[in-house]
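Read through the structure below, which is laid out as structure tokens, and then see the notes.
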Amino acid sequence: MMVLISYDVNTHDQAGKKRLRRLARICENWGQRVQLSVFECLVDPSQWVKLKADLMSCMDKEKDSLRFYYLGANWKKRVEHIGAKPTYDPEGPLIF
């Protein structure tokens, strides 16, 4: 299933900047950054449980926010990209 993750982290102090880097690193390990604080993650249900738990354990619920958009298995019909950055297909071939 495709999950779109966005976050907003309060970075007014060093702890917030550290949380921001940690949240970004977690998301980078699971998906593709599509905008500064937005990631597309293609995961199965068990991977999603782990990813969500990791993100929630990292955030400060009083200062930060996470948003999850569940696009499901038919996500390709729900995503349209227009603009400068090239789009990618997470199910396509991996080329190094």
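Letters for chains follow the order of the structure tokens (A, B, ...), residue numbers begin at 1 for each chain, and ligand numbers begin at 1 in the order shown.
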
Residue neighbourhood Leu71 in chain A, 8 Å, only C-alpha atoms, exclusion window fewer than 4 positions, as a ChimeraX atom specification: /A:1-4,75,78

Produce a file of the selected residues containing all heavy atoms, as a PDB file, in the first residue's frame.
ATOM      1  N   MET A   1       0.844  -1.180   0.000  1.00  0.00           N
ATOM      2  CA  MET A   1       0.000   0.000   0.000  1.00  0.00           C
ATOM      3  C   MET A   1       0.883   1.235   0.000  1.00  0.00           C
ATOM      4  O   MET A   1       1.990   1.214   0.510  1.00  0.00           O
ATOM      5  CB  MET A   1      -0.932  -0.010   1.200  1.00  0.00           C
ATOM      6  CG  MET A   1      -0.291   0.332   2.522  1.00  0.00           C
ATOM      7  SD  MET A   1      -1.531   0.395   3.817  1.00  0.00           S
ATOM      8  CE  MET A   1      -0.471   0.188   5.205  1.00  0.00           C
ATOM      9  N   MET A   2       0.377   2.279  -0.602  1.00  0.00           N
ATOM     10  CA  MET A   2       1.104   3.542  -0.646  1.00  0.00           C
ATOM     11  C   MET A   2       0.579   4.436   0.470  1.00  0.00           C
ATOM     12  O   MET A   2      -0.631   4.601   0.621  1.00  0.00           O
ATOM     13  CB  MET A   2       0.896   4.225  -1.992  1.00  0.00           C
ATOM     14  CG  MET A   2       1.534   5.593  -2.101  1.00  0.00           C
ATOM     15  SD  MET A   2       3.331   5.598  -2.078  1.00  0.00           S
ATOM     16  CE  MET A   2       3.675   5.019  -3.724  1.00  0.00           C
ATOM     17  N   VAL A   3       1.503   4.991   1.251  1.00  0.00           N
ATOM     18  CA  VAL A   3       1.155   5.924   2.316  1.00  0.00           C
ATOM     19  C   VAL A   3       1.931   7.211   2.064  1.00  0.00           C
ATOM     20  O   VAL A   3       3.143   7.174   1.837  1.00  0.00           O
ATOM     21  CB  VAL A   3       1.516   5.363   3.706  1.00  0.00           C
ATOM     22  CG1 VAL A   3       1.145   6.356   4.790  1.00  0.00           C
ATOM     23  CG2 VAL A   3       0.827   4.035   3.957  1.00  0.00           C
ATOM     24  N   LEU A   4       1.233   8.315   2.084  1.00  0.00           N
ATOM     25  CA  LEU A   4       1.865   9.619   1.977  1.00  0.00           C
ATOM     26  C   LEU A   4       2.029  10.146   3.397  1.00  0.00           C
ATOM     27  O   LEU A   4       1.065  10.192   4.155  1.00  0.00           O
ATOM     28  CB  LEU A   4       0.989  10.563   1.161  1.00  0.00           C
ATOM     29  CG  LEU A   4       1.586  11.919   0.857  1.00  0.00           C
ATOM     30  CD1 LEU A   4       2.600  11.790  -0.271  1.00  0.00           C
ATOM     31  CD2 LEU A   4       0.503  12.900   0.467  1.00  0.00           C
ATOM     32  N   TRP A  75      -2.880   3.201  -5.792  1.00  0.00           N
ATOM     33  CA  TRP A  75      -2.372   4.557  -5.597  1.00  0.00           C
ATOM     34  C   TRP A  75      -2.034   5.267  -6.898  1.00  0.00           C
ATOM     35  O   TRP A  75      -2.114   6.486  -6.970  1.00  0.00           O
ATOM     36  CB  TRP A  75      -1.150   4.533  -4.683  1.00  0.00           C
ATOM     37  CG  TRP A  75      -0.008   3.748  -5.239  1.00  0.00           C
ATOM     38  CD1 TRP A  75       0.224   2.412  -5.085  1.00  0.00           C
ATOM     39  CD2 TRP A  75       1.048   4.241  -6.053  1.00  0.00           C
ATOM     40  NE1 TRP A  75       1.351   2.041  -5.746  1.00  0.00           N
ATOM     41  CE2 TRP A  75       1.885   3.148  -6.347  1.00  0.00           C
ATOM     42  CE3 TRP A  75       1.376   5.484  -6.560  1.00  0.00           C
ATOM     43  CZ2 TRP A  75       3.021   3.278  -7.136  1.00  0.00           C
ATOM     44  CZ3 TRP A  75       2.506   5.609  -7.335  1.00  0.00           C
ATOM     45  CH2 TRP A  75       3.319   4.514  -7.610  1.00  0.00           C
ATOM     46  N   ARG A  78      -4.444   7.676  -8.058  1.00  0.00           N
ATOM     47  CA  ARG A  78      -4.730   8.761  -7.121  1.00  0.00           C
ATOM     48  C   ARG A  78      -3.624   9.811  -7.049  1.00  0.00           C
ATOM     49  O   ARG A  78      -3.753  10.771  -6.315  1.00  0.00           O
ATOM     50  CB  ARG A  78      -4.955   8.176  -5.737  1.00  0.00           C
ATOM     51  CG  ARG A  78      -6.166   7.292  -5.659  1.00  0.00           C
ATOM     52  CD  ARG A  78      -6.394   6.808  -4.240  1.00  0.00           C
ATOM     53  NE  ARG A  78      -7.608   6.042  -4.174  1.00  0.00           N
ATOM     54  CZ  ARG A  78      -7.643   4.738  -3.966  1.00  0.00           C
ATOM     55  NH1 ARG A  78      -6.532   4.064  -3.780  1.00  0.00           N
ATOM     56  NH2 ARG A  78      -8.782   4.106  -3.918  1.00  0.00           N
TER      57      ARG A  78
END

Need to verify the contact set: range 38-48 of chain A, 10 Å, only C-alpha atoms, exclusion of same-chain residues closer than 3 positions in sequence. Can you return it as a PyMOL selection string? chain A and resi 1-8+24+27-35+51-54+67-73+75+90-91

Put those residues in a file: N, CA and C atoms, as a CSV table (one decimal), in the first residue's frame.
chain,number,residue,atom,x,y,z
A,1,MET,N,0.8,-1.2,0.0
A,1,MET,CA,0.0,0.0,0.0
A,1,MET,C,0.9,1.2,0.0
A,2,MET,N,0.4,2.3,-0.6
A,2,MET,CA,1.1,3.5,-0.6
A,2,MET,C,0.6,4.4,0.5
A,3,VAL,N,1.5,5.0,1.3
A,3,VAL,CA,1.2,5.9,2.3
A,3,VAL,C,1.9,7.2,2.1
A,4,LEU,N,1.2,8.3,2.1
A,4,LEU,CA,1.9,9.6,2.0
A,4,LEU,C,2.0,10.1,3.4
A,5,ILE,N,3.3,10.5,3.8
A,5,ILE,CA,3.6,11.0,5.1
A,5,ILE,C,4.0,12.4,5.0
A,6,SER,N,3.4,13.3,5.8
A,6,SER,CA,3.9,14.6,5.9
A,6,SER,C,4.1,15.0,7.4
A,7,TYR,N,5.0,15.8,7.7
A,7,TYR,CA,5.3,16.2,9.1
A,7,TYR,C,5.6,17.7,9.2
A,8,ASP,N,5.4,18.2,10.4
A,8,ASP,CA,5.7,19.5,10.7
A,8,ASP,C,6.3,19.5,12.1
A,24,ALA,N,13.1,12.7,9.3
A,24,ALA,CA,13.5,12.7,7.9
A,24,ALA,C,14.3,11.4,7.6
A,27,CYS,N,11.9,8.4,7.4
A,27,CYS,CA,11.2,8.4,6.2
A,27,CYS,C,12.0,8.0,5.0
A,28,GLU,N,13.2,8.5,4.9
A,28,GLU,CA,14.2,8.2,3.8
A,28,GLU,C,14.5,6.7,3.8
A,29,ASN,N,14.5,6.1,4.9
A,29,ASN,CA,14.7,4.6,4.9
A,29,ASN,C,13.6,3.8,4.4
A,30,TRP,N,12.4,4.4,4.3
A,30,TRP,CA,11.2,3.7,3.9
A,30,TRP,C,10.6,4.1,2.6
A,31,GLY,N,10.9,5.3,2.2
A,31,GLY,CA,10.2,5.8,1.0
A,31,GLY,C,11.0,6.9,0.3
A,32,GLN,N,10.3,7.6,-0.6
A,32,GLN,CA,10.9,8.6,-1.4
A,32,GLN,C,10.4,10.0,-1.0
A,33,ARG,N,11.4,10.9,-0.8
A,33,ARG,CA,11.0,12.3,-0.5
A,33,ARG,C,10.4,12.9,-1.8
A,34,VAL,N,9.2,13.5,-1.7
A,34,VAL,CA,8.6,14.1,-2.9
A,34,VAL,C,8.5,15.6,-2.7
A,35,GLN,N,8.6,16.1,-1.5
A,35,GLN,CA,8.7,17.5,-1.2
A,35,GLN,C,9.5,17.6,0.2
A,51,LEU,N,7.0,1.3,10.7
A,51,LEU,CA,7.3,2.7,10.3
A,51,LEU,C,6.5,3.7,11.2
A,52,LYS,N,5.2,3.4,11.3
A,52,LYS,CA,4.4,4.4,12.1
A,52,LYS,C,4.8,4.4,13.5
A,53,ALA,N,5.2,3.3,14.1
A,53,ALA,CA,5.6,3.3,15.5
A,53,ALA,C,7.0,4.0,15.7
A,54,ASP,N,7.9,3.9,14.7
A,54,ASP,CA,9.1,4.6,14.7
A,54,ASP,C,8.9,6.1,14.7
A,67,ARG,N,1.0,13.6,9.5
A,67,ARG,CA,-0.2,13.3,8.8
A,67,ARG,C,0.1,12.1,7.9
A,68,PHE,N,-0.9,11.2,7.9
A,68,PHE,CA,-0.8,10.0,7.1
A,68,PHE,C,-1.9,10.0,6.1
A,69,TYR,N,-1.6,9.8,4.8
A,69,TYR,CA,-2.7,9.7,3.8
A,69,TYR,C,-2.5,8.3,3.2
A,70,TYR,N,-3.6,7.5,3.4
A,70,TYR,CA,-3.5,6.1,2.9
A,70,TYR,C,-4.1,6.0,1.5
A,71,LEU,N,-3.2,5.8,0.6
A,71,LEU,CA,-3.6,5.8,-0.8
A,71,LEU,C,-3.9,4.4,-1.3
A,72,GLY,N,-3.5,3.3,-0.5
A,72,GLY,CA,-3.9,2.0,-0.8
A,72,GLY,C,-3.1,1.4,-2.0
A,73,ALA,N,-3.6,0.3,-2.5
A,73,ALA,CA,-3.0,-0.5,-3.5
A,73,ALA,C,-3.1,0.1,-4.9
A,75,TRP,N,-2.9,3.2,-5.8
A,75,TRP,CA,-2.4,4.6,-5.6
A,75,TRP,C,-2.0,5.3,-6.9
A,90,PRO,N,7.9,3.7,-7.7
A,90,PRO,CA,8.6,2.9,-6.7
A,90,PRO,C,8.5,1.4,-7.0
A,91,GLU,N,7.6,1.0,-7.9
A,91,GLU,CA,7.4,-0.4,-8.3
A,91,GLU,C,8.2,-0.7,-9.6

Find the residues around Met59 in chain A up to 8 Å (only C-alpha atoms counted), leave out those fewer than 4 positions away in its own chain, and share them as a list in words.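 Using only C-alpha atoms, the neighbours found are Val9, Arg19, Leu23, Leu55, Asp64 and Ser65 of chain A.
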
Prev. selection, N, CA and C atoms, output as an mmCIF file, in the first residue's frame:
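Saved as result14.cif:
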data_model
loop_
_atom_site.group_PDB
_atom_site.id
_atom_site.type_symbol
_atom_site.label_atom_id
_atom_site.label_comp_id
_atom_site.auth_asym_id
_atom_site.auth_seq_id
_atom_site.Cartn_x
_atom_site.Cartn_y
_atom_site.Cartn_z
ATOM 1 N N VAL A 9 7.578 19.896 12.214
ATOM 2 C CA VAL A 9 8.317 19.796 13.466
ATOM 3 C C VAL A 9 8.694 21.192 13.931
ATOM 4 N N ARG A 19 14.912 16.224 16.235
ATOM 5 C CA ARG A 19 13.724 15.437 15.886
ATOM 6 C C ARG A 19 13.443 15.511 14.395
ATOM 7 N N LEU A 23 13.209 12.274 12.059
ATOM 8 C CA LEU A 23 11.999 11.940 11.298
ATOM 9 C C LEU A 23 12.315 11.812 9.810
ATOM 10 N N LEU A 55 8.044 6.525 13.772
ATOM 11 C CA LEU A 55 7.773 7.952 13.633
ATOM 12 C C LEU A 55 7.130 8.529 14.889
ATOM 13 N N ASP A 64 4.895 18.867 17.622
ATOM 14 C CA ASP A 64 5.030 18.416 16.240
ATOM 15 C C ASP A 64 3.730 17.783 15.746
ATOM 16 N N SER A 65 3.647 17.603 14.426
ATOM 17 C CA SER A 65 2.495 16.895 13.881
ATOM 18 C C SER A 65 2.923 15.983 12.738
#

How far is it from CA of Leu36 in chain A to CA of Leu20 in chain A, in Å with one decimal?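 Calculated distance between CA of Leu36 in chain A and CA of Leu20 in chain A is 11.1 Å.
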
Which value, in Å to one decimal, gives the distance between CA of Lys50 in chain A and CA of Ala15 in chain A?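 We find that CA of Lys50 in chain A and CA of Ala15 in chain A lie 23.2 Å from each other.
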
Point-to-point distance in Å for CA of Val49 in chain A and CA of Arg21 in chain A: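 For CA of Arg21 in chain A relative to CA of Val49 in chain A, the distance reads 20.9 Å.
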
So that I can check the secondary structure, give me every residue of chain A assigned helix (DSSP H, G or I) by backbone DSSP, as a PyMOL selection string. chain A and resi 14-30+45-58+75-77
